[in-house]
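**Q** Below: one structure in structure tokens.
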Amino acid sequence: MMNLIFATPWYLLLTLVVVGGVVAWTGNQRQQARTRNVGLGLIGLAAALFTVSFFVETDLEKVKRLNKDLVQSVPDQNWSKLAELLDPDATMGTVDGTFFSNREALVKGAKDAAARWGLKSVTITGTEETQDASRDITIDINVLSKQDATEGIVAGTLSSWRMVWTPVNKDWRCRQILCLKIGTDTGSHVGKYIQ
């Protein structure tokens, strides 16, 4: 229910405006003040919901923004930003095992991998977000990266990742990063790219 107020979908806003406009116009044409006012009220409700959605950032919206910042910190080589967004006990690995078991090791691993592969850019091509009962937010992303190893290849390298974010006081920190796929490699086979 709160998502309908703080992150109102565009189709609901559009429906309220269209229905409100039709009801207000009909009431005005028939000289029925009550009907016209109901229509204007629906349009006012749509305006209020839009305003609240625009100015209030939900947890999901905040985590999506932080997730983009985390991903972009690697090609930008902004290691302090990466460390700031990670939980001290953050882990990174695959579904088969963990490669890095804390924030310091993860940041060092990201530095080493970015340097080894000559990472140039990262573009998020798709996301899917879920929030579970524990309030953790999981974001699955597909990424297109360009690096020295793919120089001359127009498309770059496609990979899929899962980031799990957990609330810490009034903020959010990424506590788990799973590499699901790099190119055509999955599971333990992606370790050669990360470690």
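Chain labels run A, B, ... following the order of the structure tokens; each chain numbers its residues from 1, and ligands are numbered from 1 in the order shown.
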Give me, as a PyMOL selection string, all polymer residues having an atom no more than 9 Å from A:Ile137, counting only C-alpha atoms and skipping those fewer than 4 positions away in the same chain.
**A** chain A and resi 59-60+63+129-132+163-167
**Q** Pick out each residue of chain A that DSSP on the backbone tags as alpha helix (DSSP H); I need them as a ChimeraX atom specification.
**A** /A:2-6,10-29,33-55,59-73,79-85,103-117,191-194
**Q** What residues in chain A get the DSSP label strand (DSSP E or B)? Please answer as a count of residues only.
**A** 63
**Q** Need to verify the contact set: stretch 21-28 of chain A, 6 Å, only C-alpha atoms, exclusion of same-chain residues closer than 4 positions in sequence. Can you return it as number ranges by chain?
**A** A: 17, 32, 35-36, 39-40
**Q** Looking at A:Arg162, A:Arg116, A:Trp79, A:Leu85, which one is nearest to A:Thr138, with distances taken over only C-alpha atoms?
**A**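 Residue with the minimum atom-to-atom distance to A:Thr138: A:Arg162.
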**Q** At what distance in Å, to one decimal, does atom CA of A:Lys170 lie from atom CA of A:Leu86?
**A**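 Taking atom CA of A:Leu86 as the start and atom CA of A:Lys170 as the end point, the length is 14.7 Å.
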**Q** Quick one: pull the distance between atom CA of A:Asn78 and atom CA of A:Leu158, Å, one decimal.
**A**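 Value for the atom CA of A:Asn78-atom CA of A:Leu158 distance: 22.1 Å.
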**Q** I'd like the neighbourhood of A:Ala110 as JSON, numbers by chain, where a residue qualifies if any of its atoms comes within 12 Å (using only C-alpha atoms), though same-chain residues fewer than 3 positions away should be ignored.
**A** {"A": [70, 71, 72, 73, 74, 75, 76, 77, 78, 79, 80, 82, 83, 92, 93, 99, 100, 103, 104, 105, 106, 107, 113, 114, 115, 116, 117, 118, 119, 177, 193, 194, 195]}
**Q** Between atom CA of A:Cys174 and atom CA of A:Ala90, what is the spacing in Å?
**A**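 Distance between the two atoms: 6.7 Å.
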**Q** Rank A:Val52, A:Thr127, A:Lys181, A:Val95 by their smallest atom-to-atom distance to A:Leu13, using only C-alpha atoms, and report the top residue only.
**A**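 Nearest candidate to A:Leu13 out of A:Val52, A:Thr127, A:Lys181, A:Val95: A:Val52.
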**Q** Under the rule that only C-alpha atoms are counted, which of A:Lys146, A:Ile141, A:Thr186, A:Leu49 is the nearest residue to A:Asn67?
**A** A:Ile141
